[in-house]
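K.L.:
My questions all concern the structure below.
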Amino acid sequence: MSNFIKLTTVAELPSPGEAKEFICAGREICVANVNGTISAMDNVCLHEGGPLGQGVIENGKLVCPWHGWEWDPATGEASHDPRTKVAVYPLKQEHGEVFIEI
Ligand code: FES
């Protein structure tokens, strides 16, 4: 059984090439927009806890604002080591609202 809960509205999503932080169900979520593709991942960098949603998108990767580790918003994999992964979460949009499955 799916368990989607409301994250935000479509109007509040980041623009292409940007990321944004959201709080949902007590978790910090990073939502990234890579060329119009929206994805959600944990906001906490696995290096030293940097806020990924405050990072920038470069070449399709989310760059942590603290020390520059790069993350694939679609898979959660770190560019330097695909075995290092932050959690990614399914999203869906309905009637102008955005839902996340945590
Ligand atoms: S905390 Fe993200 S790269 Fe160091």
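If you're wondering about the labels, chains in the structure tokens are A, B, ... by order shown, residues count from 1 in each chain, ligands from 1 in order shown.
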Write as a PyMOL selection string the residues around ligand 1, taking 6 Å as the cut-off and counting only C-alpha atoms and all ligand atoms.
P.N.:
chain A and resi 45+47-50+64+66-69
K.L.:
Write the residues of the selection above to a file with C-alpha atoms, as a tab-separated table (two decimals), in the first residue's frame.
P.N.:
chain	number	residue	atom	x	y	z
A	45	CYS	CA	24.84	15.01	3.21
A	47	HIS	CA	29.91	13.46	4.45
A	48	GLU	CA	29.43	15.80	7.39
A	49	GLY	CA	25.74	16.59	7.34
A	50	GLY	CA	25.64	19.52	4.95
A	64	CYS	CA	26.72	19.91	-1.44
A	66	TRP	CA	29.78	22.55	2.40
A	67	HIS	CA	32.59	20.62	0.68
A	68	GLY	CA	31.35	19.92	-2.82
A	69	TRP	CA	30.45	16.24	-2.77
K.L.:
Neighbours of Glu97 in chain A within 8 Å (only C-alpha atoms; same-chain residues fewer than 3 positions away dropped), as a list in words?
P.N.:
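Once the adjacent positions are removed, what remains is Lys6, Leu7, Thr8, Thr9, Val10, Gln93 and Glu94 of chain A.
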K.L.:
Produce a file of the selected residues containing C-alpha atoms, as a PDB file, in the first residue's frame.
P.N.:
ATOM      1  CA  LYS A   6       1.653  16.103   1.136  1.00  0.00           C
ATOM      2  CA  LEU A   7       5.049  17.733   0.706  1.00  0.00           C
ATOM      3  CA  THR A   8       4.280  21.064  -0.929  1.00  0.00           C
ATOM      4  CA  THR A   9       2.548  22.639  -3.902  1.00  0.00           C
ATOM      5  CA  VAL A  10       3.704  22.616  -7.507  1.00  0.00           C
ATOM      6  CA  GLN A  93       1.685  15.515  -8.362  1.00  0.00           C
ATOM      7  CA  GLU A  94      -2.083  15.841  -8.211  1.00  0.00           C
TER       8      GLU A  94
END
K.L.:
Kindly assemble as a tab-separated table a list of the range 1-38 of chain A residues that lie within 6 Å of range 52-59 of chain A, each paired with its nearest atom pair and their distance in Å to one decimal, using only C-alpha atoms, sorted first by chain and then by ascending residue number.
P.N.:
residue	atom	partner	partner_atom	distance
A:Gly17	CA	A:Ile57	CA	5.3
A:Glu18	CA	A:Ile57	CA	5.9
A:Ala19	CA	A:Gly53	CA	5.2
A:Lys20	CA	A:Gly53	CA	4.5
A:Glu21	CA	A:Gly53	CA	4.6
A:Cys30	CA	A:Gly53	CA	4.5
K.L.:
Those selected residues, please, written with C-alpha atoms and delivered as a short mmCIF file (atom, residue, chain, number, x, y, z; two decimals), in the first residue's frame.
P.N.:
data_model
loop_
_atom_site.label_atom_id
_atom_site.label_comp_id
_atom_site.auth_asym_id
_atom_site.auth_seq_id
_atom_site.Cartn_x
_atom_site.Cartn_y
_atom_site.Cartn_z
CA GLY A 17 18.70 24.03 -12.08
CA GLU A 18 17.81 24.71 -8.46
CA ALA A 19 17.24 22.78 -5.22
CA LYS A 20 15.16 23.58 -2.17
CA GLU A 21 14.68 22.29 1.38
CA CYS A 30 15.95 18.11 -0.56
#
K.L.:
Step one, run DSSP on the backbone; step two, keep only residues of chain A assigned to strand (DSSP E or B); then write them as a PyMOL selection string.
P.N.:
chain A and resi 4-9+19-24+27-34+37-42+44+51+56-58+61-63+70-71+77-78+81-85+88-89+91-94+97-101
K.L.:
Could you pull out the helix (DSSP H, G or I) residues of chain A, going by DSSP on the backbone, and write them as a list in words?
P.N.:
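Answer for chain A restricted to helix (DSSP H, G or I) is Val10, Ala11, Glu12, Leu52, Gly53 and Gln54 of chain A.
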K.L.:
Pull C-alpha atoms from the residues just selected and write them as a PDB file, in the first residue's frame.
P.N.:
ATOM      1  CA  VAL A  10       3.704  22.616  -7.507  1.00  0.00           C
ATOM      2  CA  ALA A  11       4.085  26.402  -7.287  1.00  0.00           C
ATOM      3  CA  GLU A  12       6.626  26.023  -4.457  1.00  0.00           C
ATOM      4  CA  LEU A  52      21.874  19.433   0.300  1.00  0.00           C
ATOM      5  CA  GLY A  53      18.836  21.573  -0.470  1.00  0.00           C
ATOM      6  CA  GLN A  54      21.038  24.642  -0.152  1.00  0.00           C
TER       7      GLN A  54
END
K.L.:
Report, in Å with one decimal, the straight-line distance from CA of Ala74 in chain A to CA of Ala40 in chain A.
P.N.:
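Between CA of Ala74 in chain A and CA of Ala40 in chain A the gap works out to 7.9 Å.
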K.L.:
Counting only C-alpha atoms, figure out which residue out of A:Leu46, A:Glu70, A:Ser2, A:Gly60 gets nearest to Lys92 in chain A.
P.N.:
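Among A:Leu46, A:Glu70, A:Ser2, A:Gly60, it is A:Ser2 that comes nearest to Lys92 in chain A.
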K.L.:
Which distance in Å separates CA of Phe4 in chain A and CA of Pro73 in chain A, to one decimal?
P.N.:
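Computing the Euclidean distance for CA of Phe4 in chain A and CA of Pro73 in chain A yields 19.1 Å.
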K.L.:
List as a ChimeraX atom specification the protein and nucleic acid residues near Ile29 in chain A, meaning an atom at most 7 Å away when only C-alpha atoms are counted, but skip any in the same chain fewer than 3 places from it.
P.N.:
/A:21-24,40-43
K.L.:
Please provide as a PDB file with all heavy atoms, in the first residue's frame all residues within 10 Å of Ser79 in chain A, with the sequence filter that same-chain residues fewer than 4 positions apart are discarded (counting only C-alpha atoms).
P.N.:
ATOM      1  N   LYS A  61      24.076  17.094 -11.362  1.00  0.00           N
ATOM      2  CA  LYS A  61      24.335  16.613 -10.005  1.00  0.00           C
ATOM      3  C   LYS A  61      24.086  17.726  -8.992  1.00  0.00           C
ATOM      4  O   LYS A  61      24.303  18.904  -9.274  1.00  0.00           O
ATOM      5  CB  LYS A  61      25.775  16.117  -9.869  1.00  0.00           C
ATOM      6  CG  LYS A  61      26.124  14.985 -10.823  1.00  0.00           C
ATOM      7  CD  LYS A  61      25.358  13.730 -10.508  1.00  0.00           C
ATOM      8  CE  LYS A  61      25.453  12.663 -11.571  1.00  0.00           C
ATOM      9  NZ  LYS A  61      26.753  12.088 -11.720  1.00  0.00           N
ATOM     10  N   LEU A  62      23.629  17.307  -7.813  1.00  0.00           N
ATOM     11  CA  LEU A  62      23.427  18.243  -6.711  1.00  0.00           C
ATOM     12  C   LEU A  62      24.765  18.353  -5.968  1.00  0.00           C
ATOM     13  O   LEU A  62      25.297  17.353  -5.500  1.00  0.00           O
ATOM     14  CB  LEU A  62      22.317  17.689  -5.802  1.00  0.00           C
ATOM     15  CG  LEU A  62      21.736  18.523  -4.657  1.00  0.00           C
ATOM     16  CD1 LEU A  62      22.703  18.665  -3.503  1.00  0.00           C
ATOM     17  CD2 LEU A  62      21.262  19.880  -5.136  1.00  0.00           C
ATOM     18  N   VAL A  63      25.277  19.551  -5.875  1.00  0.00           N
ATOM     19  CA  VAL A  63      26.579  19.768  -5.242  1.00  0.00           C
ATOM     20  C   VAL A  63      26.363  20.275  -3.816  1.00  0.00           C
ATOM     21  O   VAL A  63      25.739  21.314  -3.599  1.00  0.00           O
ATOM     22  CB  VAL A  63      27.418  20.791  -6.037  1.00  0.00           C
ATOM     23  CG1 VAL A  63      28.785  20.972  -5.383  1.00  0.00           C
ATOM     24  CG2 VAL A  63      27.564  20.346  -7.483  1.00  0.00           C
ATOM     25  N   TRP A  69      30.805  17.589  -2.306  1.00  0.00           N
ATOM     26  CA  TRP A  69      30.454  16.242  -2.771  1.00  0.00           C
ATOM     27  C   TRP A  69      29.258  16.362  -3.719  1.00  0.00           C
ATOM     28  O   TRP A  69      28.337  17.174  -3.480  1.00  0.00           O
ATOM     29  CB  TRP A  69      30.076  15.329  -1.599  1.00  0.00           C
ATOM     30  CG  TRP A  69      31.246  14.775  -0.847  1.00  0.00           C
ATOM     31  CD1 TRP A  69      32.512  15.298  -0.782  1.00  0.00           C
ATOM     32  CD2 TRP A  69      31.250  13.599  -0.021  1.00  0.00           C
ATOM     33  NE1 TRP A  69      33.283  14.518   0.030  1.00  0.00           N
ATOM     34  CE2 TRP A  69      32.553  13.478   0.513  1.00  0.00           C
ATOM     35  CE3 TRP A  69      30.288  12.653   0.317  1.00  0.00           C
ATOM     36  CZ2 TRP A  69      32.917  12.429   1.364  1.00  0.00           C
ATOM     37  CZ3 TRP A  69      30.640  11.613   1.176  1.00  0.00           C
ATOM     38  CH2 TRP A  69      31.948  11.500   1.680  1.00  0.00           C
ATOM     39  N   GLU A  70      29.258  15.536  -4.768  1.00  0.00           N
ATOM     40  CA  GLU A  70      28.195  15.584  -5.777  1.00  0.00           C
ATOM     41  C   GLU A  70      27.285  14.365  -5.639  1.00  0.00           C
ATOM     42  O   GLU A  70      27.754  13.238  -5.476  1.00  0.00           O
ATOM     43  CB  GLU A  70      28.802  15.617  -7.177  1.00  0.00           C
ATOM     44  CG  GLU A  70      29.617  16.870  -7.424  1.00  0.00           C
ATOM     45  CD  GLU A  70      30.215  16.901  -8.812  1.00  0.00           C
ATOM     46  OE1 GLU A  70      29.943  15.978  -9.613  1.00  0.00           O
ATOM     47  OE2 GLU A  70      30.957  17.852  -9.092  1.00  0.00           O
ATOM     48  N   TRP A  71      25.991  14.616  -5.754  1.00  0.00           N
ATOM     49  CA  TRP A  71      24.976  13.572  -5.584  1.00  0.00           C
ATOM     50  C   TRP A  71      24.047  13.543  -6.788  1.00  0.00           C
ATOM     51  O   TRP A  71      23.669  14.594  -7.306  1.00  0.00           O
ATOM     52  CB  TRP A  71      24.153  13.859  -4.319  1.00  0.00           C
ATOM     53  CG  TRP A  71      24.990  13.927  -3.090  1.00  0.00           C
ATOM     54  CD1 TRP A  71      25.570  15.046  -2.553  1.00  0.00           C
ATOM     55  CD2 TRP A  71      25.390  12.836  -2.255  1.00  0.00           C
ATOM     56  NE1 TRP A  71      26.292  14.705  -1.431  1.00  0.00           N
ATOM     57  CE2 TRP A  71      26.197  13.356  -1.223  1.00  0.00           C
ATOM     58  CE3 TRP A  71      25.136  11.465  -2.277  1.00  0.00           C
ATOM     59  CZ2 TRP A  71      26.750  12.559  -0.226  1.00  0.00           C
ATOM     60  CZ3 TRP A  71      25.673  10.664  -1.284  1.00  0.00           C
ATOM     61  CH2 TRP A  71      26.478  11.210  -0.271  1.00  0.00           C
ATOM     62  N   ASP A  72      23.669  12.360  -7.198  1.00  0.00           N
ATOM     63  CA  ASP A  72      22.707  12.203  -8.289  1.00  0.00           C
ATOM     64  C   ASP A  72      21.298  12.275  -7.699  1.00  0.00           C
ATOM     65  O   ASP A  72      20.902  11.376  -6.939  1.00  0.00           O
ATOM     66  CB  ASP A  72      22.920  10.848  -8.970  1.00  0.00           C
ATOM     67  CG  ASP A  72      22.039  10.672 -10.194  1.00  0.00           C
ATOM     68  OD1 ASP A  72      20.941  11.283 -10.238  1.00  0.00           O
ATOM     69  OD2 ASP A  72      22.437   9.931 -11.096  1.00  0.00           O
ATOM     70  N   ARG A  83      28.359   3.407  -4.105  1.00  0.00           N
ATOM     71  CA  ARG A  83      27.874   2.640  -2.958  1.00  0.00           C
ATOM     72  C   ARG A  83      27.439   3.556  -1.820  1.00  0.00           C
ATOM     73  O   ARG A  83      26.774   3.120  -0.881  1.00  0.00           O
ATOM     74  CB  ARG A  83      28.968   1.686  -2.463  1.00  0.00           C
ATOM     75  CG  ARG A  83      29.296   0.579  -3.458  1.00  0.00           C
ATOM     76  CD  ARG A  83      30.543  -0.143  -3.037  1.00  0.00           C
ATOM     77  NE  ARG A  83      31.666   0.802  -2.969  1.00  0.00           N
ATOM     78  CZ  ARG A  83      32.894   0.488  -2.588  1.00  0.00           C
ATOM     79  NH1 ARG A  83      33.171  -0.734  -2.234  1.00  0.00           N
ATOM     80  NH2 ARG A  83      33.845   1.395  -2.556  1.00  0.00           N
ATOM     81  N   THR A  84      27.847   4.814  -1.885  1.00  0.00           N
ATOM     82  CA  THR A  84      27.443   5.790  -0.887  1.00  0.00           C
ATOM     83  C   THR A  84      26.183   6.479  -1.400  1.00  0.00           C
ATOM     84  O   THR A  84      26.219   7.174  -2.414  1.00  0.00           O
ATOM     85  CB  THR A  84      28.570   6.829  -0.664  1.00  0.00           C
ATOM     86  OG1 THR A  84      29.737   6.143  -0.250  1.00  0.00           O
ATOM     87  CG2 THR A  84      28.178   7.848   0.389  1.00  0.00           C
ATOM     88  N   LYS A  85      25.064   6.242  -0.737  1.00  0.00           N
ATOM     89  CA  LYS A  85      23.780   6.719  -1.248  1.00  0.00           C
ATOM     90  C   LYS A  85      22.953   7.365  -0.148  1.00  0.00           C
ATOM     91  O   LYS A  85      22.826   6.809   0.941  1.00  0.00           O
ATOM     92  CB  LYS A  85      22.942   5.560  -1.803  1.00  0.00           C
ATOM     93  CG  LYS A  85      23.457   4.975  -3.086  1.00  0.00           C
ATOM     94  CD  LYS A  85      22.622   3.770  -3.498  1.00  0.00           C
ATOM     95  CE  LYS A  85      21.359   4.177  -4.193  1.00  0.00           C
ATOM     96  NZ  LYS A  85      20.719   3.036  -4.878  1.00  0.00           N
TER      97      LYS A  85
END
K.L.:
Restricting the calculation to only C-alpha atoms: of A:Ile38, A:Val44, A:Ile5, A:Ala87, which residue gets closest to Ala25 in chain A?
P.N.:
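Going through A:Ile38, A:Val44, A:Ile5, A:Ala87 one by one, the smallest distance to Ala25 in chain A is for A:Ile5.
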K.L.:
Counting only C-alpha atoms, figure out which residue out of A:Pro51, A:Pro65, A:Pro90, A:Pro16 gets nearest to Ser39 in chain A.
P.N.:
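Among the listed residues, A:Pro90 lies closest to Ser39 in chain A.
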K.L.:
For the atom pair CA of Asp81 in chain A and CA of Leu13 in chain A, what is the interatomic distance in Å to one decimal place?
P.N.:
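Atom-to-atom, CA of Asp81 in chain A to CA of Leu13 in chain A, that is 28.4 Å.
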